[in-house]
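S.K.: Before we start, here is the structure in question, set down as structure tokens.
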Amino acid sequence: MKLLPVTQETEQRLFFHNYARLPIAVTHGEGVWLVSDNGTRYLDMIAGIGVNALGYGDNRLVEAISTQTAKLIHASNLFMMQPQFELAEKLLELSGLSKVFFANSGTEAIEASIKIARKWAGKFGVPNKKEVLSLSNCFHGRTYGAMSLTAKAKYVDGFEPLLPETGMITFNDISDLEAKVSEKTAAVFIEVVQGEGGIHRISQQFIDRLKELRQQYNFLIVADDIQAGCGRTGTFFSYTPLNAEPDLVCLAKPLGGGLPLSAVIGSEKVADVLSYGNHGTTFGGNPVACAAGIAMINAIQDDNLMENAKSIGKYINEELQKLAAKHSRILEIRQYGLMIGITVNKEAKYYVGKALEKQVLVNATSVNVIRLLPPLTISREEAQHCITTLDEIFSEEEAEGVS
Ligand SMILES: Cc1ncc(COP(=O)(O)O)c(C=O)c1O
């Protein structure tokens with residue numbers, strides 16, 4: 001069989017033009033290194049957009065996936081399946097919450113949460129208690145409900161009309177929060193650490209006030225931990241250090257160890273909201289993805305990867321602060337575990353291209369933020385390799401006088 005050339009020309013011919021793919025075709029990975037079809041090894045500081053928490057080729061993950069694949073790839077939620085039960089139990093233990101719903105992607109977890117929130121709010125007999133709020137600069141996904149909660153125009157423009165009864169609170173602005181929430185509010189969606197928005201964490205004061213207002217107006221706090229969760233920030237849930245006490249939590253990205261899987265975890269308050277047929281999905285909670293999820297969480301715990309995220313994250317931060325003192329291009333470093341943003345005073349995609357030339361994969365978000373989301377397994381030497389490369393790029397730019 002003649003294989004298609006995996007080139008940018010073929011990509012343009014085959015696909016809708018909605019992805020700005022890097023000009024390399026990747027075939028496999030080893031640890032934190034991603035390998036292209038010509039054998040070039042790239043240090044991967046993106047990890048499949050925050051998915052590959054264990055890097056590439058973790059034997060436990062491969063074993064869990066192949067064992068479950070040989071037994072049962074899919075049966076649907078018409079049946080009970082051991083891997084789903086095990087993973088749900090683990091998530092309840094870790095969160096201290098009451099019920100789990102599995103879907104396939106982050107945006108689906110958000111959709112399910114919007115539905116749960118509105119149905120829950122309907123119980124109280126308050127007219128129009130349907131409003132779902134989110135924070136400016138946030139990202140919750142690209143399906144209609146999730147997109148309606150998403151801040152940036154580039155994700156929304158042209159797709160209107162959006163879901164009614166949605167609105168936005170200015171990030172970390174307590175007076176705006178006080179002005180926006182009311183009896184009509186069903187839920188407030190938060191990313192404790194905003195990822196697409198450029199790695200910004202909600203303040204403790206904002207969370208505290210949000211909880212007080214929840215008490216006053218009876219709405220749900222929904223933590224979108226799709227990017228920041230599963231250990232990336234140094235705790236399994238990013239909201240734990242701020243004691244956000246959400247009523248619903250959304251997880252995805254690393255949850256299925258690289259296979260499509262997301263979860264909504266809910267408190268006792270919402271445990272009885274959904275009834276048969278209210279919500280569902282054919283694939284959600286697929287047994288192979290759940291087996292991978294169990295292996296992934298076990299590995300995070302067994303290998304102390306949350307500690308690694310904290311200590312390597314701290315190390316990267318210290319080293320980046322030194323770079324910031326040396327290179328005026330760098331305006332600010334923000335770091336929560338292994339979720340790192342470097343604000344620069346030009347378009348960050350320039351650095352994505354330069355790093356690629358030096359076989360380091362970084363990502364640009366929020367126009368002028370270089371985002372690092374490496375596997376949680378990254379070592380100090382590998383982290384240093386990334387820092388040294390960035391240092392070289394900034395130095396070369398200065399030497400060449402590039403504006
Ligand atoms: C915080 C957050 N929420 C939701 C999503 C949407 O997830 P998915 O792309 O799996 O639909 C993302 C994806 O980047 C995200 O970072």
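We name chains A, B, ... following the order of the structure tokens; residues begin at 1 in each chain, and ligands are numbered from 1 as shown.
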Considering only strand (DSSP E or B) as DSSP defines it on the backbone, what residues of stretch 69-262 of chain A qualify? List them as a PyMOL selection string.
M.R.: chain A and resi 99-103+131-135+166-169+185-190+193-194+200-201+220-224+248-251+257+259+262
S.K.: Output the neighbourhood of ligand 1 as a list in words, that is, all protein and nucleic acid residues with some atom at most 7 Å from the ligand, counting only C-alpha atoms and all ligand atoms.
M.R.: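 After applying the 7 Å limit, what remains is Ser105, Gly106, Thr107, Glu108, Phe139, His140, Gly141, Arg142, Glu191, Gln194, Gly195, Glu196, Asp224, Asp225, Ile226, Gln227, Ala252 and Lys253 of chain A.
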S.K.: Output N, CA and C atoms for every residue in that selection, as a PDB file, in the first residue's frame.
M.R.:
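The result, written out as out07.pdb:
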ATOM      1  N   SER A 105     -14.384  14.384  26.245  1.00  0.00           N
ATOM      2  CA  SER A 105     -13.516  15.550  26.015  1.00  0.00           C
ATOM      3  C   SER A 105     -13.843  16.612  27.047  1.00  0.00           C
ATOM      4  N   GLY A 106     -12.945  17.591  27.127  1.00  0.00           N
ATOM      5  CA  GLY A 106     -13.154  18.664  28.094  1.00  0.00           C
ATOM      6  C   GLY A 106     -14.457  19.396  27.847  1.00  0.00           C
ATOM      7  N   THR A 107     -14.679  19.749  26.598  1.00  0.00           N
ATOM      8  CA  THR A 107     -15.864  20.543  26.291  1.00  0.00           C
ATOM      9  C   THR A 107     -17.149  19.788  26.647  1.00  0.00           C
ATOM     10  N   GLU A 108     -17.139  18.483  26.502  1.00  0.00           N
ATOM     11  CA  GLU A 108     -18.330  17.688  26.879  1.00  0.00           C
ATOM     12  C   GLU A 108     -18.551  17.692  28.390  1.00  0.00           C
ATOM     13  N   PHE A 139     -11.204  30.014  29.189  1.00  0.00           N
ATOM     14  CA  PHE A 139     -11.455  29.099  28.073  1.00  0.00           C
ATOM     15  C   PHE A 139     -12.118  27.845  28.627  1.00  0.00           C
ATOM     16  N   HIS A 140     -13.291  27.516  28.094  1.00  0.00           N
ATOM     17  CA  HIS A 140     -13.973  26.310  28.577  1.00  0.00           C
ATOM     18  C   HIS A 140     -14.273  25.310  27.472  1.00  0.00           C
ATOM     19  N   GLY A 141     -13.966  25.654  26.214  1.00  0.00           N
ATOM     20  CA  GLY A 141     -14.200  24.679  25.154  1.00  0.00           C
ATOM     21  C   GLY A 141     -14.912  25.297  23.972  1.00  0.00           C
ATOM     22  N   ARG A 142     -15.233  24.447  22.983  1.00  0.00           N
ATOM     23  CA  ARG A 142     -15.693  24.981  21.699  1.00  0.00           C
ATOM     24  C   ARG A 142     -17.060  24.475  21.252  1.00  0.00           C
ATOM     25  N   GLU A 191     -11.762  28.643  36.121  1.00  0.00           N
ATOM     26  CA  GLU A 191     -10.507  27.896  35.996  1.00  0.00           C
ATOM     27  C   GLU A 191      -9.635  28.487  37.095  1.00  0.00           C
ATOM     28  N   GLN A 194      -5.983  29.822  34.913  1.00  0.00           N
ATOM     29  CA  GLN A 194      -6.394  29.916  33.511  1.00  0.00           C
ATOM     30  C   GLN A 194      -5.240  29.484  32.612  1.00  0.00           C
ATOM     31  N   GLY A 195      -5.527  28.544  31.714  1.00  0.00           N
ATOM     32  CA  GLY A 195      -4.479  28.017  30.841  1.00  0.00           C
ATOM     33  C   GLY A 195      -4.384  28.786  29.539  1.00  0.00           C
ATOM     34  N   GLU A 196      -5.412  28.655  28.689  1.00  0.00           N
ATOM     35  CA  GLU A 196      -5.416  29.380  27.402  1.00  0.00           C
ATOM     36  C   GLU A 196      -5.282  30.877  27.630  1.00  0.00           C
ATOM     37  N   ASP A 224     -13.392  24.191  36.479  1.00  0.00           N
ATOM     38  CA  ASP A 224     -12.888  23.583  35.248  1.00  0.00           C
ATOM     39  C   ASP A 224     -11.407  23.293  35.473  1.00  0.00           C
ATOM     40  N   ASP A 225     -11.127  22.040  35.845  1.00  0.00           N
ATOM     41  CA  ASP A 225      -9.739  21.634  36.102  1.00  0.00           C
ATOM     42  C   ASP A 225      -9.208  20.779  34.950  1.00  0.00           C
ATOM     43  N   ILE A 226      -9.715  21.077  33.773  1.00  0.00           N
ATOM     44  CA  ILE A 226      -9.384  20.276  32.589  1.00  0.00           C
ATOM     45  C   ILE A 226      -7.899  20.386  32.248  1.00  0.00           C
ATOM     46  N   GLN A 227      -7.354  21.581  32.353  1.00  0.00           N
ATOM     47  CA  GLN A 227      -5.928  21.773  32.056  1.00  0.00           C
ATOM     48  C   GLN A 227      -5.076  21.763  33.330  1.00  0.00           C
ATOM     49  N   ALA A 252     -10.255  16.462  32.344  1.00  0.00           N
ATOM     50  CA  ALA A 252     -10.108  15.829  31.012  1.00  0.00           C
ATOM     51  C   ALA A 252      -8.613  15.712  30.726  1.00  0.00           C
ATOM     52  N   LYS A 253      -8.184  16.226  29.614  1.00  0.00           N
ATOM     53  CA  LYS A 253      -6.786  16.181  29.159  1.00  0.00           C
ATOM     54  C   LYS A 253      -6.016  14.932  29.638  1.00  0.00           C
TER      55      LYS A 253
END
S.K.: Would you tabulate, counting only C-alpha atoms, all residues of stretch 250-361 of chain A that have an atom at most 10 Å from an atom of stretch 112-117 of chain A, showing the closest pair of atoms and their distance in Å to one decimal, sorted by chain then ascending number, as a tab-separated table?
M.R.:
residue	atom	partner	partner_atom	distance
A:Cys250	CA	A:Ser113	CA	7.8
A:Ala263	CA	A:Ala112	CA	9.4
A:Val264	CA	A:Ser113	CA	6.9
A:Ile265	CA	A:Ser113	CA	9.2
A:Gly266	CA	A:Ser113	CA	9.0
A:Val270	CA	A:Ile116	CA	7.4
A:Ala271	CA	A:Ile116	CA	9.5
A:Asp272	CA	A:Ile116	CA	9.7
A:Val273	CA	A:Ile116	CA	6.4
A:Leu274	CA	A:Ile116	CA	6.9
A:Asn278	CA	A:Lys115	CA	9.1
A:His279	CA	A:Ala112	CA	7.4
A:Gly280	CA	A:Ala112	CA	8.7
S.K.: Take the residues from that selection and put them in a file with C-alpha atoms, as a PDB file, in the first residue's frame.
M.R.:
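Resulting contents of out_3.pdb:
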ATOM      1  CA  CYS A 250     -14.437  18.941  35.331  1.00  0.00           C
ATOM      2  CA  ALA A 263     -15.188  13.412  33.987  1.00  0.00           C
ATOM      3  CA  VAL A 264     -17.645  15.577  35.854  1.00  0.00           C
ATOM      4  CA  ILE A 265     -17.453  14.994  39.586  1.00  0.00           C
ATOM      5  CA  GLY A 266     -20.306  16.354  41.667  1.00  0.00           C
ATOM      6  CA  VAL A 270     -26.191  17.746  42.762  1.00  0.00           C
ATOM      7  CA  ALA A 271     -26.079  13.977  43.227  1.00  0.00           C
ATOM      8  CA  ASP A 272     -29.724  13.427  42.258  1.00  0.00           C
ATOM      9  CA  VAL A 273     -30.081  16.010  39.516  1.00  0.00           C
ATOM     10  CA  LEU A 274     -29.749  13.734  36.503  1.00  0.00           C
ATOM     11  CA  ASN A 278     -31.358  13.082  30.876  1.00  0.00           C
ATOM     12  CA  HIS A 279     -27.808  13.043  29.737  1.00  0.00           C
ATOM     13  CA  GLY A 280     -25.429  10.485  28.247  1.00  0.00           C
TER      14      GLY A 280
END
S.K.: So how far away is atom CA of A:Ser238 from atom CA of A:Asn368, in Å?
M.R.: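 Between these atoms lies a distance of 23.8 Å.
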S.K.: What are the closest atom pairs, with distances in Å to one decimal, for each residue of stretch 231-313 of chain A lying within 6 Å of stretch 54-75 of chain A, using only C-alpha atoms, rows by chain and rising residue number, as JSON lines?
M.R.:
{"residue": "A:Val288", "atom": "CA", "partner": "A:Gln68", "partner_atom": "CA", "distance": 5.5}
{"residue": "A:Ala291", "atom": "CA", "partner": "A:Ala64", "partner_atom": "CA", "distance": 5.9}
{"residue": "A:Ala292", "atom": "CA", "partner": "A:Ile65", "partner_atom": "CA", "distance": 5.6}
{"residue": "A:Ala295", "atom": "CA", "partner": "A:Leu61", "partner_atom": "CA", "distance": 5.5}
S.K.: Now that the selection is made, can you save its residues with N, CA and C atoms as a CSV table (one decimal), in the first residue's frame?
M.R.:
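Writing done, so here's out.csv:
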chain,number,residue,atom,x,y,z
A,288,VAL,N,-11.3,1.1,27.9
A,288,VAL,CA,-9.8,1.2,27.7
A,288,VAL,C,-9.3,2.6,28.2
A,291,ALA,N,-9.2,2.3,32.0
A,291,ALA,CA,-8.1,1.5,32.4
A,291,ALA,C,-6.8,2.4,32.3
A,292,ALA,N,-6.7,3.2,31.3
A,292,ALA,CA,-5.5,4.0,31.1
A,292,ALA,C,-5.5,5.1,32.2
A,295,ALA,N,-4.3,3.7,35.5
A,295,ALA,CA,-2.8,3.5,35.4
A,295,ALA,C,-2.1,4.9,35.5
